[in-house]
>>> print(open('structure-v2.cif').read())   # mmCIF, C-alpha atoms and all ligand atoms
data_input
#
loop_
_atom_site.label_atom_id
_atom_site.label_comp_id
_atom_site.auth_asym_id
_atom_site.auth_seq_id
_atom_site.Cartn_x
_atom_site.Cartn_y
_atom_site.Cartn_z
CA MET C 22 77.75 140.34 129.37
CA GLN C 23 74.31 141.89 129.86
CA ASN C 24 72.65 138.47 129.60
CA ARG C 25 74.97 137.07 132.26
CA ILE C 26 74.11 139.96 134.59
CA LYS C 27 70.42 139.40 133.86
CA GLY C 28 70.78 135.71 134.70
CA LEU C 29 72.46 136.61 137.96
CA ARG C 30 69.70 139.12 138.80
CA ASN C 31 67.13 136.33 138.46
CA LYS C 32 69.16 134.17 140.86
CA ILE C 33 69.45 136.90 143.50
CA ALA C 34 65.74 137.66 143.28
CA GLU C 35 65.06 133.95 143.96
CA LEU C 36 67.27 134.23 147.03
CA GLY C 37 65.36 137.24 148.37
CA ALA C 38 68.35 139.57 148.05
CA GLU C 39 68.34 142.98 146.36
CA ALA C 40 71.98 142.94 145.37
CA VAL C 41 74.98 140.66 145.01
CA TYR C 42 78.59 141.24 146.05
CA ILE C 43 80.99 139.46 143.66
CA THR C 44 84.49 138.86 144.96
CA SER C 45 85.90 135.79 143.18
CA SER C 46 88.24 136.38 140.27
CA VAL C 47 86.54 133.81 138.03
CA SER C 48 83.09 135.36 138.55
CA HIS C 49 84.61 138.79 137.96
CA ARG C 50 86.06 137.63 134.67
CA TYR C 51 82.79 135.97 133.69
CA LEU C 52 80.77 139.10 134.39
CA THR C 53 83.22 141.69 132.98
CA GLY C 54 85.64 139.91 130.64
CA ILE C 55 88.48 141.49 132.65
CA ASP C 56 90.98 139.35 134.52
CA ASN C 57 91.46 141.41 137.69
CA GLN C 58 92.04 139.06 140.64
CA ASP C 59 91.08 141.86 143.04
CA GLY C 60 88.15 143.42 141.19
CA ILE C 61 84.81 143.61 142.99
CA LEU C 62 81.30 143.92 141.59
CA VAL C 63 78.08 145.02 143.22
CA ILE C 64 75.06 144.24 141.09
CA THR C 65 71.63 145.50 142.09
CA GLU C 66 68.26 145.15 140.40
CA ASN C 67 68.79 148.23 138.24
CA ASN C 68 72.47 149.11 138.50
CA ALA C 69 75.84 147.46 138.39
CA TYR C 70 79.08 148.74 139.92
CA ALA C 71 82.59 147.65 139.03
CA LEU C 72 85.12 148.49 141.75
CA GLU C 73 88.53 148.33 140.10
CA ASP C 74 91.90 149.38 141.47
CA PHE C 75 94.35 151.74 139.77
CA ARG C 76 96.00 148.93 137.73
CA TYR C 77 92.79 148.11 135.90
CA ILE C 78 90.86 151.36 136.03
CA GLU C 79 91.76 152.45 132.50
CA VAL C 80 90.73 149.20 130.83
CA ALA C 81 87.63 148.97 133.01
CA ARG C 82 86.49 152.47 132.06
CA ALA C 83 87.10 151.75 128.38
CA ARG C 84 85.37 148.37 128.32
CA LEU C 85 82.72 148.41 131.03
CA SER C 86 81.28 151.92 131.18
CA HIS C 87 78.28 151.02 129.01
CA ILE C 88 77.19 148.37 131.54
CA TYR C 89 78.77 149.28 134.87
CA THR C 90 79.32 152.36 136.96
CA VAL C 91 83.09 152.05 137.17
CA VAL C 92 84.52 153.19 140.51
CA GLU C 93 88.22 153.47 141.30
CA LEU C 94 88.70 151.39 144.41
CA LYS C 95 91.14 152.23 147.17
CA ARG C 96 91.45 148.97 149.05
CA SER C 97 91.36 150.71 152.45
CA ALA C 98 88.03 152.29 151.49
CA LEU C 99 86.38 149.04 150.31
CA TYR C 100 83.70 148.80 152.98
CA ASP C 101 82.95 152.53 152.96
CA THR C 102 82.47 152.25 149.20
CA LEU C 103 80.31 149.13 149.55
CA ASN C 104 78.15 150.64 152.30
CA GLY C 105 77.76 153.84 150.27
CA ILE C 106 76.31 151.81 147.40
CA LEU C 107 74.08 149.82 149.77
CA ARG C 108 72.71 153.06 151.24
CA ASP C 109 72.23 154.78 147.86
CA GLU C 110 70.40 151.76 146.49
CA GLY C 111 68.41 151.00 149.66
CA ILE C 112 69.80 147.46 149.92
CA SER C 113 69.03 145.50 153.09
CA HIS C 114 69.75 141.93 151.84
CA LEU C 115 73.09 141.32 150.11
CA ALA C 116 73.99 138.02 148.47
CA PHE C 117 77.69 137.12 148.59
CA GLU C 118 79.93 134.38 147.22
CA ASP C 119 79.91 132.06 150.21
CA THR C 120 81.34 129.12 148.23
CA ASN C 121 84.40 131.16 147.34
CA MET C 122 85.49 133.13 150.38
CA SER C 123 87.90 132.50 153.21
CA VAL C 124 86.61 132.43 156.79
CA SER C 125 88.61 135.54 157.66
CA GLU C 126 87.23 137.48 154.68
CA PHE C 127 83.76 136.40 155.72
CA ASN C 128 84.33 137.56 159.29
CA ILE C 129 85.41 141.00 158.07
CA LEU C 130 82.53 141.26 155.59
CA SER C 131 79.93 140.32 158.18
CA SER C 132 81.26 142.83 160.68
CA LYS C 133 81.50 145.67 158.13
CA ALA C 134 78.65 145.28 155.63
CA GLU C 135 75.51 147.19 156.59
CA ALA C 136 73.12 144.59 155.20
CA LYS C 137 71.92 141.10 155.98
CA LEU C 138 74.15 138.62 154.14
CA LEU C 139 72.73 135.72 152.14
CA GLY C 140 74.88 132.96 150.61
CA LEU C 141 74.79 132.95 146.80
CA GLY C 142 75.66 129.25 146.67
CA ASN C 143 76.55 127.92 143.21
CA SER C 144 74.46 130.46 141.28
CA VAL C 145 77.30 131.86 139.17
CA LYS C 146 78.73 128.38 138.62
CA GLN C 147 75.34 127.21 137.39
CA LEU C 148 75.09 130.11 134.95
CA ARG C 149 78.58 129.27 133.69
CA GLU C 150 77.54 125.69 132.84
CA VAL C 151 75.64 126.94 129.78
CA LYS C 152 78.06 128.52 127.34
CA THR C 153 77.22 131.30 124.90
CA PRO C 154 78.34 131.04 121.26
CA GLU C 155 81.13 133.53 122.06
CA GLU C 156 82.42 131.31 124.87
CA VAL C 157 82.11 128.21 122.66
CA SER C 158 84.26 129.81 119.97
CA LYS C 159 87.04 130.52 122.49
CA ILE C 160 86.93 126.93 123.75
CA ALA C 161 86.98 125.66 120.15
CA GLU C 162 90.02 127.82 119.44
CA ALA C 163 91.79 126.54 122.56
CA GLN C 164 91.12 122.95 121.49
CA ALA C 165 92.26 123.60 117.91
CA ILE C 166 95.60 124.81 119.34
CA THR C 167 95.76 121.69 121.52
CA ASP C 168 95.09 119.38 118.55
CA LEU C 169 97.74 121.18 116.51
CA ALA C 170 100.29 120.81 119.32
CA PHE C 171 99.61 117.07 119.46
CA SER C 172 100.03 116.54 115.72
CA LYS C 173 103.28 118.55 115.73
CA LEU C 174 104.51 116.62 118.76
CA LEU C 175 104.01 113.36 116.88
CA GLU C 176 106.51 114.60 114.25
CA VAL C 177 109.28 114.75 116.85
CA LEU C 178 108.25 112.27 119.56
CA ASN C 179 110.91 109.60 120.08
CA PRO C 180 112.02 107.16 122.82
CA ASN C 181 115.09 109.26 123.68
CA MET C 182 112.94 112.06 125.07
CA THR C 183 112.21 112.40 128.77
CA GLU C 184 108.71 112.85 130.16
CA ASN C 185 109.61 116.49 130.88
CA ASP C 186 110.81 116.90 127.26
CA VAL C 187 107.37 115.78 126.06
CA ALA C 188 105.53 118.08 128.47
CA ALA C 189 107.77 121.06 127.61
CA GLU C 190 107.41 120.42 123.87
CA LEU C 191 103.61 120.34 124.13
CA GLU C 192 103.54 123.55 126.16
CA TYR C 193 105.93 125.28 123.74
CA LEU C 194 103.87 124.19 120.74
CA MET C 195 100.64 125.43 122.31
CA ARG C 196 102.12 128.79 123.24
CA LYS C 197 103.81 129.14 119.86
CA ASN C 198 100.47 128.50 118.14
CA GLY C 199 98.47 131.13 119.98
CA ALA C 200 97.71 129.80 123.46
CA GLU C 201 97.56 132.42 126.18
CA ASP C 202 98.70 129.76 128.67
CA LYS C 203 98.48 126.05 129.40
CA SER C 204 95.19 124.87 130.92
CA PHE C 205 96.90 123.06 133.82
CA GLU C 206 100.17 121.32 134.61
CA THR C 207 100.81 119.12 131.57
CA ILE C 208 100.78 115.38 132.26
CA ALA C 209 103.19 113.19 130.29
CA ILE C 210 103.81 109.90 132.05
CA SER C 211 105.13 106.64 130.67
CA GLY C 212 105.60 102.97 131.45
CA ALA C 213 104.46 101.76 134.87
CA ARG C 214 103.86 105.36 135.97
CA SER C 215 101.04 105.68 133.44
CA SER C 216 98.83 103.88 135.95
CA MET C 217 98.67 107.16 137.91
CA PRO C 218 95.89 109.25 136.32
CA HIS C 219 97.44 112.55 137.47
CA GLY C 220 101.12 111.62 137.64
CA THR C 221 103.78 114.33 137.29
CA PRO C 222 106.37 114.12 134.48
CA THR C 223 109.95 113.27 135.46
CA ASN C 224 113.40 113.73 133.94
CA ASN C 225 113.50 110.00 133.17
CA LYS C 226 113.63 108.82 129.58
CA LEU C 227 110.32 107.54 128.25
CA SER C 228 109.73 103.97 129.38
CA ARG C 229 108.46 101.30 127.04
CA GLY C 230 104.71 100.86 127.22
CA PHE C 231 101.95 103.45 127.37
CA LEU C 232 102.69 107.17 127.33
CA THR C 233 99.68 109.19 128.51
CA MET C 234 99.56 112.89 127.70
CA ASP C 235 96.86 115.08 129.25
CA PHE C 236 97.10 118.75 128.33
CA GLY C 237 95.30 121.84 127.15
CA ALA C 238 95.54 125.51 126.28
CA THR C 239 93.69 128.65 127.30
CA VAL C 240 92.34 131.36 125.02
CA ASP C 241 91.02 134.51 126.68
CA GLY C 242 90.61 132.57 129.94
CA TYR C 243 88.76 129.63 128.36
CA HIS C 244 90.30 126.17 128.71
CA SER C 245 90.66 123.07 126.59
CA ASP C 246 91.35 119.58 127.88
CA MET C 247 92.47 116.50 125.99
CA THR C 248 94.22 113.22 126.66
CA ARG C 249 95.87 110.84 124.23
CA THR C 250 97.75 107.64 125.03
CA VAL C 251 100.39 106.32 122.64
CA CYS C 252 102.72 103.35 122.92
CA ILE C 253 106.51 103.59 123.22
CA GLY C 254 107.63 100.43 121.39
CA ARG C 255 105.22 97.76 120.23
CA ALA C 256 101.95 97.18 122.03
CA ASP C 257 101.40 93.54 123.02
CA THR C 258 98.02 91.80 122.78
CA GLU C 259 96.99 92.68 126.32
CA MET C 260 97.85 96.38 125.80
CA LYS C 261 95.85 96.44 122.57
CA ARG C 262 92.89 94.86 124.34
CA LEU C 263 93.09 97.43 127.14
CA TYR C 264 93.40 100.34 124.69
CA ASP C 265 90.47 99.07 122.61
CA THR C 266 88.33 98.77 125.73
CA VAL C 267 89.00 102.40 126.71
CA LEU C 268 88.29 103.50 123.15
CA LYS C 269 85.06 101.47 123.00
CA ALA C 270 83.91 102.95 126.33
CA GLN C 271 84.58 106.44 125.01
CA THR C 272 83.05 105.86 121.56
CA GLU C 273 79.86 104.41 123.04
CA ALA C 274 79.56 107.18 125.63
CA LEU C 275 80.06 109.82 122.91
CA ALA C 276 77.34 108.20 120.79
CA PHE C 277 74.96 108.03 123.75
CA ILE C 278 75.38 111.56 125.11
CA LYS C 279 72.69 114.03 124.16
CA SER C 280 70.75 116.94 125.56
CA GLY C 281 68.32 115.79 128.25
CA LEU C 282 70.41 112.81 129.37
CA PRO C 283 71.22 112.54 133.09
CA CYS C 284 75.00 112.94 133.51
CA SER C 285 75.12 109.79 135.64
CA ASP C 286 73.72 107.76 132.71
CA ALA C 287 76.56 108.96 130.47
CA ASP C 288 79.06 107.79 133.09
CA ARG C 289 77.35 104.42 133.40
CA VAL C 290 77.59 103.60 129.68
CA ALA C 291 81.38 103.89 129.78
CA ARG C 292 81.75 102.35 133.23
CA ASP C 293 79.74 99.21 132.36
CA ILE C 294 81.96 98.52 129.34
CA ILE C 295 85.16 98.89 131.38
CA ASN C 296 83.92 97.01 134.44
CA LYS C 297 83.07 93.94 132.36
CA ASP C 298 86.76 93.11 131.90
CA TYR C 299 88.59 95.59 134.13
CA ASP C 300 86.43 95.87 137.21
CA GLY C 301 87.65 98.54 139.63
CA CYS C 302 90.26 99.95 137.21
CA PHE C 303 88.30 103.09 136.25
CA GLY C 304 88.56 105.08 139.48
CA HIS C 305 87.47 108.54 138.39
CA SER C 306 84.37 109.98 136.78
CA LEU C 307 83.75 110.02 133.04
CA GLY C 308 84.10 113.76 132.65
CA HIS C 309 83.60 117.32 133.82
CA GLY C 310 82.55 120.69 132.52
CA VAL C 311 85.21 123.00 131.06
CA GLY C 312 85.17 126.78 130.68
CA LEU C 313 86.80 129.61 132.60
CA GLU C 314 87.94 126.86 134.96
CA ILE C 315 89.45 123.56 133.89
CA HIS C 316 87.08 121.66 136.16
CA GLU C 317 83.57 123.04 136.45
CA GLY C 318 80.03 121.76 136.18
CA PRO C 319 78.33 119.65 135.15
CA ASN C 320 80.13 116.48 136.23
CA LEU C 321 79.65 113.23 134.36
CA SER C 322 79.86 111.06 137.45
CA PRO C 323 77.81 108.28 139.04
CA MET C 324 76.76 110.73 141.78
CA SER C 325 75.78 113.63 139.51
CA GLN C 326 72.23 114.98 139.72
CA SER C 327 72.65 117.14 136.60
CA ILE C 328 70.89 116.74 133.27
CA LEU C 329 72.83 117.57 130.11
CA THR C 330 71.64 120.85 128.59
CA PRO C 331 72.43 122.60 125.29
CA GLY C 332 75.48 124.80 125.87
CA ASN C 333 77.22 122.40 128.27
CA VAL C 334 80.87 121.76 127.40
CA VAL C 335 82.09 118.52 128.97
CA THR C 336 84.97 116.09 128.67
CA VAL C 337 84.51 112.38 127.97
CA GLU C 338 87.56 110.65 129.39
CA PRO C 339 87.35 107.01 130.40
CA GLY C 340 90.53 105.29 131.53
CA ILE C 341 91.84 101.97 132.76
CA TYR C 342 94.65 101.97 135.34
CA ILE C 343 96.44 98.86 136.58
CA ALA C 344 98.73 99.77 139.47
CA GLY C 345 102.39 98.88 138.92
CA LYS C 346 101.75 97.94 135.28
CA TYR C 347 100.29 100.71 133.12
CA GLY C 348 97.31 102.89 132.41
CA CYS C 349 95.51 104.45 129.48
CA ARG C 350 93.05 107.32 129.09
CA ILE C 351 91.44 108.89 126.03
CA GLU C 352 89.75 112.29 126.45
CA ASP C 353 87.73 114.45 124.09
CA MET C 354 85.84 117.65 124.84
CA ILE C 355 82.34 118.10 123.44
CA LEU C 356 79.54 120.65 123.18
CA VAL C 357 76.01 119.48 123.92
CA GLN C 358 73.60 121.05 121.45
CA GLU C 359 69.89 120.75 120.82
CA GLY C 360 69.55 117.35 119.12
CA SER C 361 73.28 116.79 118.52
CA VAL C 362 76.75 116.85 120.01
CA LEU C 363 79.79 118.66 118.61
CA ASN C 364 83.18 117.11 119.30
CA PHE C 365 85.86 119.82 119.53
CA THR C 366 88.67 117.25 119.60
CA LYS C 367 90.00 116.20 116.19
CA SER C 368 93.18 114.30 117.10
CA THR C 369 93.47 110.66 116.01
CA LYS C 370 92.63 107.89 118.45
CA GLU C 371 94.33 105.09 116.55
CA LEU C 372 96.91 103.39 118.74
CA ILE C 373 100.18 104.99 117.69
CA GLU C 374 103.42 103.04 118.26
CA ILE C 375 106.59 105.13 118.53
MN MN U 401 89.84 116.36 131.97
#
>>> encode(input="structure-v2.cif", output="structure tokens")
Amino acid sequence: MQNRIKGLRNKIAELGAEAVYITSSVSHRYLTGIDNQDGILVITENNAYALEDFRYIEVARARLSHIYTVVELKRSALYDTLNGILRDEGISHLAFEDTNMSVSEFNILSSKAEAKLLGLGNSVKQLREVKTPEEVSKIAEAQAITDLAFSKLLEVLNPNMTENDVAAELEYLMRKNGAEDKSFETIAISGARSSMPHGTPTNNKLSRGFLTMDFGATVDGYHSDMTRTVCIGRADTEMKRLYDTVLKAQTEALAFIKSGLPCSDADRVARDIINKDYDGCFGHSLGHGVGLEIHEGPNLSPMSQSILTPGNVVTVEPGIYIAGKYGCRIEDMILVQEGSVLNFTKSTKELIEI
């Protein structure tokens, strides 16, 4: 936690601010480890204040007192409390989370805060792109639960299930095996509907053809993300060719990705393979960062300006989607390390026919 605060202090110094006002719940969790949607932090050069309401004050005092001055916050006294800190600390330039604040909150803040406000931009998001070993172990645990759920699902998966049955089974298995929650709304779509990358499961029985399942678990706020596509019934030659192309695109991208590589180059390796035979059928980017949020930086996309760095956790998820026919995606989640890449995802990628 101290290192994260130190990293943030460097960012606010670069901005020319003497303090930062943290209001987003994800930044609060990142900087305290406590999931209080309404918690507020004020971090100055030498001090750090955690403003927590009655519901969280006990846990905040127990867990944060060695780093933060913990203050019990009465919501009606928020700006008096903030201005008191600004005065005590002699703050005249306050950075704030401009990328994560409503217009009305901003209007109130700018009329109440007795300091010049400076937008923090993506500073906290950038810090979050490089994971610590502690964060990595939570992500690894979330993915291990996800892999286990998939292997247990395969023991019961059958053509009489509905798409919702499959989604519910996966979510049950993840929760039963230690997940705090699901990472996002589970995707389990079959037949012609599998051409929709983010389709919603229905109460219809599984259709013959591809069944794409995209799902993940959270552990202590950290997400996992994985996709596997299986076949309900036998796969014909064209389906096998499509599946093999997605797998080849993923395998080659995984082999190519390393620290120092521009994210856009990673995307291009997979995209070139798919476009050769399925031009225009891969309509999303190759991957995204994963952490306290399911989608965070860096993005593996043609437009990305980012360079892969040790500590980045990203997905590698090429897909081919043919509208009205079917679609297929295979997604792993990896850790970029100095000189190597660790793949968290252990589930089989052989084409399974149910
Ligand atoms: Mn994903």
>>> residues_around(input="structure-v2.cif", residues="Ile33 in chain C", least_positions_apart="6", cutoff="8 Å", atoms="all atoms listed in the file", output="number ranges by chain")
C: 39-41, 116, 141
>>> write_last_selection(input="structure-v2.cif", atoms="C-alpha atoms", output="PDB file, in the coordinates of the input")
ATOM      1  CA  GLU C  39      68.340 142.980 146.360  1.00  0.00           C
ATOM      2  CA  ALA C  40      71.980 142.940 145.370  1.00  0.00           C
ATOM      3  CA  VAL C  41      74.980 140.660 145.010  1.00  0.00           C
ATOM      4  CA  ALA C 116      73.990 138.020 148.470  1.00  0.00           C
ATOM      5  CA  LEU C 141      74.790 132.950 146.800  1.00  0.00           C
TER       6      LEU C 141
END
>>> closest_atom_pairs(input="structure-v2.cif", of="chain C", to="ligand MN 401 (chain U)", cutoff="9 Å", atoms="all atoms listed in the file", output="tab-separated table")
residue	atom	partner	partner_atom	distance
C:Asp235	CA	U:MN401	MN	7.6
C:Phe236	CA	U:MN401	MN	8.5
C:Ser245	CA	U:MN401	MN	8.6
C:Asp246	CA	U:MN401	MN	5.4
C:Met247	CA	U:MN401	MN	6.5
C:Thr248	CA	U:MN401	MN	7.6
C:Leu307	CA	U:MN401	MN	8.9
C:Gly308	CA	U:MN401	MN	6.3
C:His309	CA	U:MN401	MN	6.6
C:Gly310	CA	U:MN401	MN	8.5
C:Val311	CA	U:MN401	MN	8.1
C:Ile315	CA	U:MN401	MN	7.5
C:His316	CA	U:MN401	MN	7.3
C:Val335	CA	U:MN401	MN	8.6
C:Thr336	CA	U:MN401	MN	5.9
C:Val337	CA	U:MN401	MN	7.8
C:Glu338	CA	U:MN401	MN	6.7
C:Glu352	CA	U:MN401	MN	6.9
C:Asp353	CA	U:MN401	MN	8.4
C:Met354	CA	U:MN401	MN	8.3
>>> residues_around(input="structure-v2.cif", residues="Phe277 in chain C", least_positions_apart="6", cutoff="12 Å", atoms="all atoms listed in the file", output="VMD selection string")
chain C and resid 270 to 271 283 to 284 286 to 291 329 337 357 360 to 362
>>> atom_distance(input="structure-v2.cif", atom1="CA of Ile55 in chain C", atom2="CA of Glu135 in chain C")
27.8 Å
>>> closest_residue(input="structure-v2.cif", among="C:Thr102, C:Pro339, C:Ile328, C:Pro222", to="Ala274 in chain C", atoms="all atoms listed in the file")
C:Pro339
>>> axis_aligned_box(input="structure-v2.cif", around="range 155-165 of chain C", padding_each_side="8 Å", output="lines of an AutoDock Vina configuration file")
center_x = 86.7
center_y = 128.2
center_z = 121.4
size_x = 27.1
size_y = 26.6
size_z = 23.0
>>> atom_distance(input="structure-v2.cif", atom1="CA of Tyr100 in chain C", atom2="CA of Ala134 in chain C")
6.7 Å
>>> residues_around(input="structure-v2.cif", residues="Ile373 in chain C", least_positions_apart="3", cutoff="10 Å", atoms="all atoms listed in the file", output="PDB file with C-alpha atoms, in the frame of the given file")
ATOM      1  CA  LEU C 175     104.010 113.360 116.880  1.00  0.00           C
ATOM      2  CA  PHE C 231     101.950 103.450 127.370  1.00  0.00           C
ATOM      3  CA  ARG C 249      95.870 110.840 124.230  1.00  0.00           C
ATOM      4  CA  THR C 250      97.750 107.640 125.030  1.00  0.00           C
ATOM      5  CA  VAL C 251     100.390 106.320 122.640  1.00  0.00           C
ATOM      6  CA  CYS C 252     102.720 103.350 122.920  1.00  0.00           C
ATOM      7  CA  ILE C 253     106.510 103.590 123.220  1.00  0.00           C
ATOM      8  CA  GLY C 254     107.630 100.430 121.390  1.00  0.00           C
ATOM      9  CA  ARG C 255     105.220  97.760 120.230  1.00  0.00           C
ATOM     10  CA  ALA C 256     101.950  97.180 122.030  1.00  0.00           C
ATOM     11  CA  THR C 369      93.470 110.660 116.010  1.00  0.00           C
ATOM     12  CA  LYS C 370      92.630 107.890 118.450  1.00  0.00           C
TER      13      LYS C 370
END
>>> residues_around(input="structure-v2.cif", residues="Arg30 in chain C", least_positions_apart="6", cutoff="8 Å", atoms="only C-alpha atoms", output="list in words")
Ala40, Ile64, Thr65 and Glu66 of chain C
>>> closest_residue(input="structure-v2.cif", among="C:Ala170, C:Ile210, C:Val80, C:Leu282", to="Met195 in chain C", atoms="all atoms listed in the file")
C:Ala170
>>> atom_distance(input="structure-v2.cif", atom1="CA of Lys226 in chain C", atom2="CA of Pro180 in chain C")
7.1 Å
>>> residues_around(input="structure-v2.cif", residues="Asn224 in chain C", least_positions_apart="5", cutoff="12 Å", atoms="only C-alpha atoms", output="count of residues only")
12
>>> closest_residue(input="structure-v2.cif", among="C:Asp202, C:Leu99, C:Ser368, C:Lys133", to="Ser172 in chain C", atoms="only C-alpha atoms")
C:Ser368
>>> closest_residue(input="structure-v2.cif", among="C:Ala98, C:Val157, C:Val145, C:Leu194", to="Val240 in chain C", atoms="all atoms listed in the file")
C:Val157
>>> residues_near_point(input="structure-v2.cif", point="(89.0, 152.6, 141.5)", cutoff="12 Å", atoms="only C-alpha atoms", output="JSON, numbers by chain")
{"C": [59, 60, 61, 62, 70, 71, 72, 73, 74, 75, 76, 77, 78, 79, 80, 81, 82, 90, 91, 92, 93, 94, 95, 96, 97, 98, 99, 102]}
>>> closest_residue(input="structure-v2.cif", among="C:Glu155, C:Glu273, C:Glu371, C:Glu118", to="Asp293 in chain C", atoms="all atoms listed in the file")
C:Glu273
>>> closest_residue(input="structure-v2.cif", among="C:Thr167, C:Lys203, C:Asn179, C:Asn198", to="Leu227 in chain C", atoms="all atoms listed in the file")
C:Asn179
